[in-house]
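*Asks:* Contents of run-v3.cif (mmCIF, C-alpha atoms and all ligand atoms):
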```
data_target
#
loop_
_atom_site.label_atom_id
_atom_site.label_comp_id
_atom_site.auth_asym_id
_atom_site.auth_seq_id
_atom_site.Cartn_x
_atom_site.Cartn_y
_atom_site.Cartn_z
CA MET H 1 7.05 -20.25 -8.16
CA ARG H 2 5.26 -18.34 -10.88
CA VAL H 3 3.15 -15.72 -9.07
CA ALA H 4 0.25 -13.68 -10.52
CA LEU H 5 0.30 -10.34 -8.67
CA PHE H 6 -2.97 -8.39 -8.76
CA GLY H 7 -2.30 -4.74 -7.86
CA ILE H 8 1.31 -4.83 -9.08
CA GLY H 9 1.45 -1.04 -9.55
CA GLY H 10 -0.07 -0.14 -6.17
CA GLN H 11 1.67 1.08 -3.03
CA VAL H 12 2.01 -2.46 -1.65
CA GLY H 13 2.25 -4.26 -5.02
CA SER H 14 5.19 -2.12 -6.16
CA ILE H 15 7.12 -3.18 -3.02
CA LEU H 16 6.07 -6.84 -3.34
CA ASP H 17 7.04 -7.19 -7.01
CA PRO H 18 10.84 -6.81 -6.57
CA ALA H 19 10.74 -8.56 -3.17
CA LEU H 20 9.12 -11.65 -4.70
CA VAL H 21 11.67 -11.66 -7.51
CA ALA H 22 14.50 -11.28 -4.97
CA ALA H 23 13.07 -14.30 -3.14
CA GLY H 24 13.37 -16.36 -6.35
CA HIS H 25 9.82 -16.15 -7.69
CA GLU H 26 8.72 -15.20 -11.19
CA VAL H 27 6.08 -12.43 -11.10
CA VAL H 28 3.43 -11.70 -13.73
CA ASP H 29 0.88 -8.87 -13.74
CA GLY H 30 -2.34 -10.55 -12.62
CA ARG H 31 -4.62 -7.98 -14.26
CA LYS H 32 -2.89 -8.11 -17.67
CA GLN H 33 -1.99 -11.79 -17.88
CA GLY H 34 -4.44 -13.49 -15.51
CA PRO H 35 -3.63 -16.38 -13.19
CA VAL H 36 -3.70 -19.25 -15.74
CA GLY H 37 -0.40 -21.15 -15.66
CA CYS H 38 0.66 -19.65 -12.31
CA ASP H 39 1.40 -21.65 -9.16
CA VAL H 40 -0.14 -19.08 -6.84
CA ALA H 41 -1.64 -15.57 -6.92
CA VAL H 42 -1.54 -12.51 -4.65
CA ASP H 43 -4.17 -9.76 -4.44
CA PHE H 44 -3.43 -6.28 -3.06
CA THR H 45 -6.04 -4.27 -4.97
CA GLN H 46 -9.37 -2.76 -3.88
CA PRO H 47 -12.34 -4.25 -2.00
CA ASN H 48 -14.54 -4.28 -5.12
CA ALA H 49 -11.89 -6.05 -7.23
CA VAL H 50 -11.23 -9.05 -4.98
CA LEU H 51 -14.25 -11.15 -5.92
CA ASP H 52 -13.56 -11.10 -9.68
CA ASN H 53 -9.88 -11.86 -9.09
CA ALA H 54 -10.80 -14.73 -6.75
CA ARG H 55 -13.26 -16.10 -9.35
CA ALA H 56 -10.51 -16.07 -12.00
CA CYS H 57 -8.08 -17.81 -9.64
CA VAL H 58 -10.39 -20.61 -8.50
CA ALA H 59 -11.49 -21.18 -12.13
CA ALA H 60 -7.80 -21.63 -13.00
CA ARG H 61 -7.31 -23.71 -9.81
CA VAL H 62 -4.65 -21.26 -8.60
CA PRO H 63 -4.46 -20.74 -4.78
CA LEU H 64 -4.84 -17.08 -3.86
CA VAL H 65 -3.25 -15.02 -1.06
CA ILE H 66 -5.35 -11.92 -0.33
CA GLY H 67 -4.07 -8.79 1.40
CA THR H 68 -6.84 -6.45 0.25
CA THR H 69 -9.20 -5.57 3.09
CA GLY H 70 -12.88 -4.62 3.19
CA PHE H 71 -14.26 -7.44 1.00
CA ASP H 72 -16.83 -10.11 1.93
CA THR H 73 -14.74 -13.01 3.25
CA GLY H 74 -17.81 -15.29 3.44
CA VAL H 75 -18.41 -15.05 -0.31
CA VAL H 76 -14.79 -15.87 -1.15
CA ASP H 77 -14.84 -18.76 1.32
CA VAL H 78 -17.88 -20.33 -0.35
CA LEU H 79 -16.40 -19.75 -3.82
CA ALA H 80 -13.07 -21.38 -2.90
CA ARG H 81 -14.65 -24.21 -0.89
CA THR H 82 -17.03 -25.08 -3.74
CA ALA H 83 -14.17 -25.12 -6.23
CA GLY H 84 -11.89 -27.08 -3.88
CA VAL H 85 -9.16 -24.43 -3.99
CA PRO H 86 -7.27 -23.09 -0.93
CA CYS H 87 -7.22 -19.33 -0.42
CA PHE H 88 -5.74 -17.25 2.38
CA PHE H 89 -6.47 -13.79 3.79
CA ALA H 90 -4.61 -11.85 6.47
CA PRO H 91 -5.98 -8.45 7.48
CA ASN H 92 -2.40 -7.53 8.34
CA PHE H 93 0.74 -9.26 7.05
CA ALA H 94 3.08 -7.34 9.39
CA LEU H 95 4.52 -9.74 11.95
CA GLY H 96 4.24 -7.20 14.80
CA ALA H 97 0.55 -6.63 14.07
CA GLY H 98 -0.09 -10.32 14.70
CA LEU H 99 1.65 -10.02 18.06
CA MET H 100 -0.37 -6.88 18.85
CA MET H 101 -3.62 -8.80 18.24
CA ARG H 102 -2.45 -11.72 20.37
CA PHE H 103 -1.37 -9.42 23.25
CA ALA H 104 -4.67 -7.47 23.03
CA GLU H 105 -6.65 -10.69 23.22
CA GLU H 106 -4.74 -11.64 26.36
CA ALA H 107 -4.98 -8.17 27.98
CA ALA H 108 -8.75 -8.08 27.39
CA ARG H 109 -9.12 -10.93 29.88
CA THR H 110 -7.71 -8.66 32.62
CA PHE H 111 -9.03 -5.28 31.37
CA PRO H 112 -12.54 -5.63 29.91
CA ARG H 113 -12.90 -1.86 29.14
CA ALA H 114 -10.99 -1.12 25.93
CA GLN H 115 -11.14 0.93 22.76
CA ILE H 116 -9.26 0.63 19.47
CA VAL H 117 -7.82 3.56 17.50
CA GLU H 118 -6.68 2.68 13.98
CA LEU H 119 -4.84 5.21 11.82
CA HIS H 120 -4.19 4.76 8.10
CA ALA H 121 -3.25 6.69 4.96
CA ASP H 122 -6.12 8.71 3.49
CA THR H 123 -5.93 6.52 0.36
CA LYS H 124 -7.31 3.53 2.29
CA LEU H 125 -10.86 2.93 1.06
CA ASP H 126 -12.35 0.85 3.89
CA ALA H 127 -13.01 1.76 7.54
CA PRO H 128 -12.72 0.37 10.13
CA SER H 129 -9.59 -1.45 9.03
CA GLY H 130 -9.54 -5.24 8.71
CA THR H 131 -6.91 -5.35 11.45
CA ALA H 132 -9.13 -3.40 13.87
CA LYS H 133 -12.14 -5.62 13.12
CA GLU H 134 -10.06 -8.77 13.62
CA THR H 135 -8.58 -7.38 16.89
CA ALA H 136 -12.07 -6.55 18.17
CA ARG H 137 -13.33 -10.01 17.20
CA ARG H 138 -10.59 -11.61 19.28
CA MET H 139 -11.29 -9.41 22.35
CA ALA H 140 -14.39 -9.75 24.50
CA ASN H 141 -16.91 -6.91 25.02
CA ASP H 142 -17.07 -5.59 21.45
CA PRO H 143 -14.65 -2.63 21.86
CA PRO H 144 -15.48 0.60 19.97
CA ILE H 145 -13.21 1.33 16.98
CA HIS H 146 -12.11 4.85 15.99
CA SER H 147 -10.76 5.30 12.44
CA ILE H 148 -8.41 8.10 11.39
CA ARG H 149 -7.46 8.71 7.73
CA LEU H 150 -4.69 11.25 7.05
CA PRO H 151 -1.83 11.73 4.58
CA GLY H 152 1.55 10.79 6.02
CA LEU H 153 0.24 7.72 7.82
CA ILE H 154 0.83 4.12 6.65
CA ALA H 155 -0.85 1.67 9.07
CA HIS H 156 -0.96 2.13 12.84
CA GLN H 157 -3.14 0.85 15.66
CA GLU H 158 -3.51 1.42 19.39
CA VAL H 159 -5.51 -0.81 21.69
CA ILE H 160 -6.13 1.15 24.90
CA PHE H 161 -7.26 -0.63 28.07
CA GLY H 162 -8.63 1.37 30.99
CA GLY H 163 -8.44 -0.03 34.54
CA THR H 164 -8.73 1.40 38.03
CA GLY H 165 -5.95 3.99 38.30
CA GLU H 166 -4.06 2.62 35.29
CA VAL H 167 -4.09 2.56 31.49
CA LEU H 168 -2.42 -0.04 29.28
CA THR H 169 -1.71 0.84 25.63
CA ILE H 170 -0.60 -1.71 23.03
CA ARG H 171 0.57 0.02 19.86
CA HIS H 172 1.86 -1.17 16.51
CA ASP H 173 3.29 1.09 13.78
CA THR H 174 4.04 0.12 10.20
CA THR H 175 6.78 2.53 9.17
CA SER H 176 7.34 1.02 5.70
CA ARG H 177 5.24 -1.24 3.46
CA GLU H 178 8.22 -3.61 3.38
CA ALA H 179 6.83 -4.82 6.73
CA PHE H 180 4.24 -6.85 4.77
CA VAL H 181 6.80 -8.78 2.68
CA PRO H 182 7.85 -11.61 5.09
CA GLY H 183 4.22 -12.47 5.89
CA VAL H 184 3.27 -12.58 2.21
CA LEU H 185 6.28 -14.78 1.36
CA HIS H 186 5.33 -17.16 4.17
CA ALA H 187 1.68 -17.30 3.03
CA LEU H 188 2.75 -17.99 -0.58
CA GLU H 189 4.72 -21.03 0.55
CA ALA H 190 1.92 -22.27 2.82
CA VAL H 191 -1.30 -21.59 0.89
CA ARG H 192 -1.16 -24.60 -1.45
CA ASN H 193 -1.24 -26.99 1.52
CA LEU H 194 -4.20 -25.34 3.26
CA PRO H 195 -7.69 -26.87 3.13
CA ALA H 196 -10.11 -25.73 0.41
CA GLY H 197 -11.88 -22.47 1.27
CA LEU H 198 -10.62 -19.26 2.85
CA THR H 199 -8.22 -19.51 5.80
CA ILE H 200 -7.92 -16.26 7.75
CA GLY H 201 -5.00 -14.98 9.82
CA LEU H 202 -1.21 -15.43 9.80
CA ASP H 203 -1.46 -17.40 13.06
CA GLN H 204 -3.42 -20.09 11.18
CA LEU H 205 -0.42 -20.89 8.95
CA PRO H 206 1.90 -23.76 9.82
P1 LIG D 301 -3.28 1.14 -3.93
O1 LIG D 301 -1.99 1.85 -3.86
O2 LIG D 301 -4.53 1.91 -4.21
O3 LIG D 301 -3.10 -0.02 -5.01
C1 LIG D 301 -4.15 -0.80 -5.49
C2 LIG D 301 -3.74 -1.28 -6.86
O4 LIG D 301 -4.71 -2.21 -7.32
C3 LIG D 301 -3.66 -0.17 -7.90
O5 LIG D 301 -2.41 -0.30 -8.57
C4 LIG D 301 -4.82 -0.48 -8.83
O6 LIG D 301 -4.51 -0.15 -10.17
C5 LIG D 301 -4.92 -1.97 -8.69
N1 LIG D 301 -6.22 -2.53 -9.09
C6 LIG D 301 -7.45 -2.02 -8.90
N2 LIG D 301 -8.39 -2.84 -9.37
C7 LIG D 301 -7.72 -3.93 -9.85
C8 LIG D 301 -8.13 -5.14 -10.45
N3 LIG D 301 -9.42 -5.40 -10.68
N4 LIG D 301 -7.18 -6.04 -10.83
C9 LIG D 301 -5.88 -5.77 -10.62
N5 LIG D 301 -5.42 -4.63 -10.05
C10 LIG D 301 -6.34 -3.73 -9.67
O7 LIG D 301 -3.56 0.35 -2.55
P2 LIG D 301 -2.51 -0.28 -1.54
O8 LIG D 301 -2.11 0.74 -0.52
O9 LIG D 301 -1.44 -0.97 -2.31
O10 LIG D 301 -3.44 -1.33 -0.79
C11 LIG D 301 -4.11 -2.33 -1.51
C12 LIG D 301 -5.06 -3.07 -0.59
O11 LIG D 301 -4.30 -3.78 0.38
C13 LIG D 301 -6.00 -2.19 0.23
O12 LIG D 301 -7.24 -2.87 0.39
C14 LIG D 301 -5.31 -2.07 1.57
O13 LIG D 301 -6.23 -1.81 2.62
C15 LIG D 301 -4.73 -3.45 1.69
N6 LIG D 301 -3.57 -3.59 2.55
C16 LIG D 301 -3.52 -4.73 3.27
C17 LIG D 301 -2.41 -4.98 4.02
C18 LIG D 301 -2.33 -6.28 4.77
O14 LIG D 301 -1.34 -6.50 5.49
N7 LIG D 301 -3.32 -7.16 4.62
C19 LIG D 301 -1.37 -4.06 4.07
C20 LIG D 301 -1.46 -2.90 3.33
C21 LIG D 301 -2.56 -2.68 2.55
P3 LIG D 301 -5.16 1.19 -10.82
O15 LIG D 301 -4.81 2.30 -9.91
O16 LIG D 301 -4.53 1.20 -12.16
O17 LIG D 301 -6.64 0.90 -10.86
#
```
Take the structure from the file and write it as structure tokens.
*Replies:*
Amino acid sequence: MRVALFGIGGQVGSILDPALVAAGHEVVDGRKQGPVGCDVAVDFTQPNAVLDNARACVAARVPLVIGTTGFDTGVVDVLARTAGVPCFFAPNFALGAGLMMRFAEEAARTFPRAQIVELHADTKLDAPSGTAKETARRMANDPPIHSIRLPGLIAHQEVIFGGTGEVLTIRHDTTSREAFVPGVLHALEAVRNLPAGLTIGLDQLP
């Protein structure tokens, strides 16, 4: 497929670009060339850039896969639904992060007292992370979220459950941004067959 990549020079984009080409796709710089004539688009940019990129994609009727976090998902959903274009957002494309969220949702049924600690690189603009917010949404009891931003980190999260005389910790560590590649490739293949509007979460993909 011909893929418009918004954020091609960023920390994630610069990993995705050669990975998409290796997977047989043709990649164009979304910011320079725009999405017109592409089969699908990917956005790993900044929270304040997503809306304009989504507008350009739905105007060109190009389905969009969004990895950027911290934007208003409701606005993009209405935009895409109105235009009849499918879009997809995952707060975390790492396969293990999806499992962490699923396990945390299950553990919360047994241990209602929990807190989330999310740790990311100091270059990350939004806090709490999209992954932490999505984890909390899936657990009962609105767990508090603690955000840490430091150089040297990539993306890490602990969900800590406190019980009587015991503590359960579920932890996921992204040790390389290549962890996001398989999830993005899967979403690129799936997005065109999703319903119009914004679908959220890797576990919603066929
Ligand atoms: P980054 O290194 O800061 O890269 C962002 C890139 O976007 C930069 O190259 C920037 O270019 C470019 N950019 C900014 N505005 C743009 C626009 N309007 N159109 C096109 N490109 C634009 O950030 P990152 O670490 O790659 O992360 C990007 C986003 O993905 C963040 O929101 C992060 O939280 C999120 N993320 C999500 C996942 C996930 O699994 N969902 C995983 C990792 C990161 P200039 O510097 O030239 O402006």
*Asks:* If you measure from CA of Ala56 (chain H) to CA of Ala90 (chain H), what distance in Å do you get, rounded to one decimal?
*Replies:*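 One can read the CA of Ala56 (chain H) to CA of Ala90 (chain H) distance as 19.8 Å.
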*Asks:* Report as JSON, numbers by chain all protein, DNA and RNA residues lying within 8 Å of Phe6 (chain H), evaluated on all atoms listed in the file, omitting residues in the same chain fewer than 3 positions from it.
*Replies:* {"H": [13, 29, 30, 31, 41, 42, 43, 44, 45, 53]}
*Asks:* How would you report the residues lying within 9 Å of ligand LIG 301 (chain D), as a PDB file with C-alpha atoms, in the frame of the given file, if you count all atoms listed in the file?
*Replies:*
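The file below, selection_18.pdb, is the result:
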```pdb
ATOM      1  CA  LEU H   5       0.300 -10.340  -8.670  1.00  0.00           C
ATOM      2  CA  PHE H   6      -2.970  -8.390  -8.760  1.00  0.00           C
ATOM      3  CA  GLY H   7      -2.300  -4.740  -7.860  1.00  0.00           C
ATOM      4  CA  ILE H   8       1.310  -4.830  -9.080  1.00  0.00           C
ATOM      5  CA  GLY H   9       1.450  -1.040  -9.550  1.00  0.00           C
ATOM      6  CA  GLY H  10      -0.070  -0.140  -6.170  1.00  0.00           C
ATOM      7  CA  GLN H  11       1.670   1.080  -3.030  1.00  0.00           C
ATOM      8  CA  VAL H  12       2.010  -2.460  -1.650  1.00  0.00           C
ATOM      9  CA  GLY H  13       2.250  -4.260  -5.020  1.00  0.00           C
ATOM     10  CA  SER H  14       5.190  -2.120  -6.160  1.00  0.00           C
ATOM     11  CA  ILE H  15       7.120  -3.180  -3.020  1.00  0.00           C
ATOM     12  CA  ASP H  29       0.880  -8.870 -13.740  1.00  0.00           C
ATOM     13  CA  GLY H  30      -2.340 -10.550 -12.620  1.00  0.00           C
ATOM     14  CA  ARG H  31      -4.620  -7.980 -14.260  1.00  0.00           C
ATOM     15  CA  LYS H  32      -2.890  -8.110 -17.670  1.00  0.00           C
ATOM     16  CA  ASP H  43      -4.170  -9.760  -4.440  1.00  0.00           C
ATOM     17  CA  PHE H  44      -3.430  -6.280  -3.060  1.00  0.00           C
ATOM     18  CA  THR H  45      -6.040  -4.270  -4.970  1.00  0.00           C
ATOM     19  CA  GLN H  46      -9.370  -2.760  -3.880  1.00  0.00           C
ATOM     20  CA  PRO H  47     -12.340  -4.250  -2.000  1.00  0.00           C
ATOM     21  CA  ASN H  48     -14.540  -4.280  -5.120  1.00  0.00           C
ATOM     22  CA  ALA H  49     -11.890  -6.050  -7.230  1.00  0.00           C
ATOM     23  CA  VAL H  50     -11.230  -9.050  -4.980  1.00  0.00           C
ATOM     24  CA  LEU H  51     -14.250 -11.150  -5.920  1.00  0.00           C
ATOM     25  CA  ASP H  52     -13.560 -11.100  -9.680  1.00  0.00           C
ATOM     26  CA  ASN H  53      -9.880 -11.860  -9.090  1.00  0.00           C
ATOM     27  CA  ILE H  66      -5.350 -11.920  -0.330  1.00  0.00           C
ATOM     28  CA  GLY H  67      -4.070  -8.790   1.400  1.00  0.00           C
ATOM     29  CA  THR H  68      -6.840  -6.450   0.250  1.00  0.00           C
ATOM     30  CA  THR H  69      -9.200  -5.570   3.090  1.00  0.00           C
ATOM     31  CA  GLY H  70     -12.880  -4.620   3.190  1.00  0.00           C
ATOM     32  CA  PHE H  71     -14.260  -7.440   1.000  1.00  0.00           C
ATOM     33  CA  PHE H  89      -6.470 -13.790   3.790  1.00  0.00           C
ATOM     34  CA  ALA H  90      -4.610 -11.850   6.470  1.00  0.00           C
ATOM     35  CA  PRO H  91      -5.980  -8.450   7.480  1.00  0.00           C
ATOM     36  CA  ASN H  92      -2.400  -7.530   8.340  1.00  0.00           C
ATOM     37  CA  PHE H  93       0.740  -9.260   7.050  1.00  0.00           C
ATOM     38  CA  ALA H  94       3.080  -7.340   9.390  1.00  0.00           C
ATOM     39  CA  ALA H  97       0.550  -6.630  14.070  1.00  0.00           C
ATOM     40  CA  HIS H 120      -4.190   4.760   8.100  1.00  0.00           C
ATOM     41  CA  ALA H 121      -3.250   6.690   4.960  1.00  0.00           C
ATOM     42  CA  THR H 123      -5.930   6.520   0.360  1.00  0.00           C
ATOM     43  CA  LYS H 124      -7.310   3.530   2.290  1.00  0.00           C
ATOM     44  CA  LEU H 125     -10.860   2.930   1.060  1.00  0.00           C
ATOM     45  CA  ASP H 126     -12.350   0.850   3.890  1.00  0.00           C
ATOM     46  CA  SER H 129      -9.590  -1.450   9.030  1.00  0.00           C
ATOM     47  CA  GLY H 130      -9.540  -5.240   8.710  1.00  0.00           C
ATOM     48  CA  THR H 131      -6.910  -5.350  11.450  1.00  0.00           C
ATOM     49  CA  ILE H 154       0.830   4.120   6.650  1.00  0.00           C
ATOM     50  CA  ALA H 155      -0.850   1.670   9.070  1.00  0.00           C
ATOM     51  CA  ARG H 177       5.240  -1.240   3.460  1.00  0.00           C
ATOM     52  CA  ALA H 179       6.830  -4.820   6.730  1.00  0.00           C
ATOM     53  CA  PHE H 180       4.240  -6.850   4.770  1.00  0.00           C
ATOM     54  CA  VAL H 181       6.800  -8.780   2.680  1.00  0.00           C
ATOM     55  CA  GLY H 183       4.220 -12.470   5.890  1.00  0.00           C
ATOM     56  CA  VAL H 184       3.270 -12.580   2.210  1.00  0.00           C
TER      57      VAL H 184
END
```
*Asks:* Would you mind reading off the distance between CA of Val40 (chain H) and CA of Val65 (chain H), one decimal, in Å?
*Replies:*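 Taking CA of Val40 (chain H) and CA of Val65 (chain H), their separation equals 7.7 Å.
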*Asks:* Between H:Leu194, H:Leu202, H:Val167, H:Leu95, which is the closest to Thr110 (chain H) once you count all atoms listed in the file?
*Replies:* H:Val167
*Asks:* Would you list the residues near (-10.6, -26.9, 4.0), meaning any protein, DNA or RNA residue with an atom at most 6 Å from that point in file coordinates, counting all atoms listed in the file, as a ChimeraX atom specification?
*Replies:* /H:195-197
*Asks:* Work out how far CA of Leu79 (chain H) is from CA of Asp17 (chain H), in Å to one decimal.
*Replies:*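 Taking CA of Asp17 (chain H) and CA of Leu79 (chain H), their separation equals 26.8 Å.
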*Asks:* Would you list the contacts of region 156-166 of chain H as an MDAnalysis selection string, taking every protein, DNA or RNA residue within 8 Å and counting only C-alpha atoms, but skipping same-chain residues closer than 3 positions in sequence?
*Replies:* chainID H and resid 104 107:108 111:120 132 153 169:174
*Asks:* Name the closest residue to Ala19 (chain H) among the candidates H:Ala59, H:Ala190, H:Pro182, H:Leu198; distances are taken between atoms, counting all atoms listed in the file.
*Replies:*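 Using all atoms listed in the file, the shortest distance to Ala19 (chain H) belongs to H:Pro182.
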*Asks:* Can you sort out the box for region 127-146 of chain H, edges along x, y and z, all listed atoms in, 6 Å on every side, with centre and edge lengths in Å to one decimal, as AutoDock Vina command-line options?
*Replies:*
```
--center_x -12.0 --center_y -3.4 --center_z 16.3 --size_x 22.2 --size_y 28.5 --size_z 29.5
```
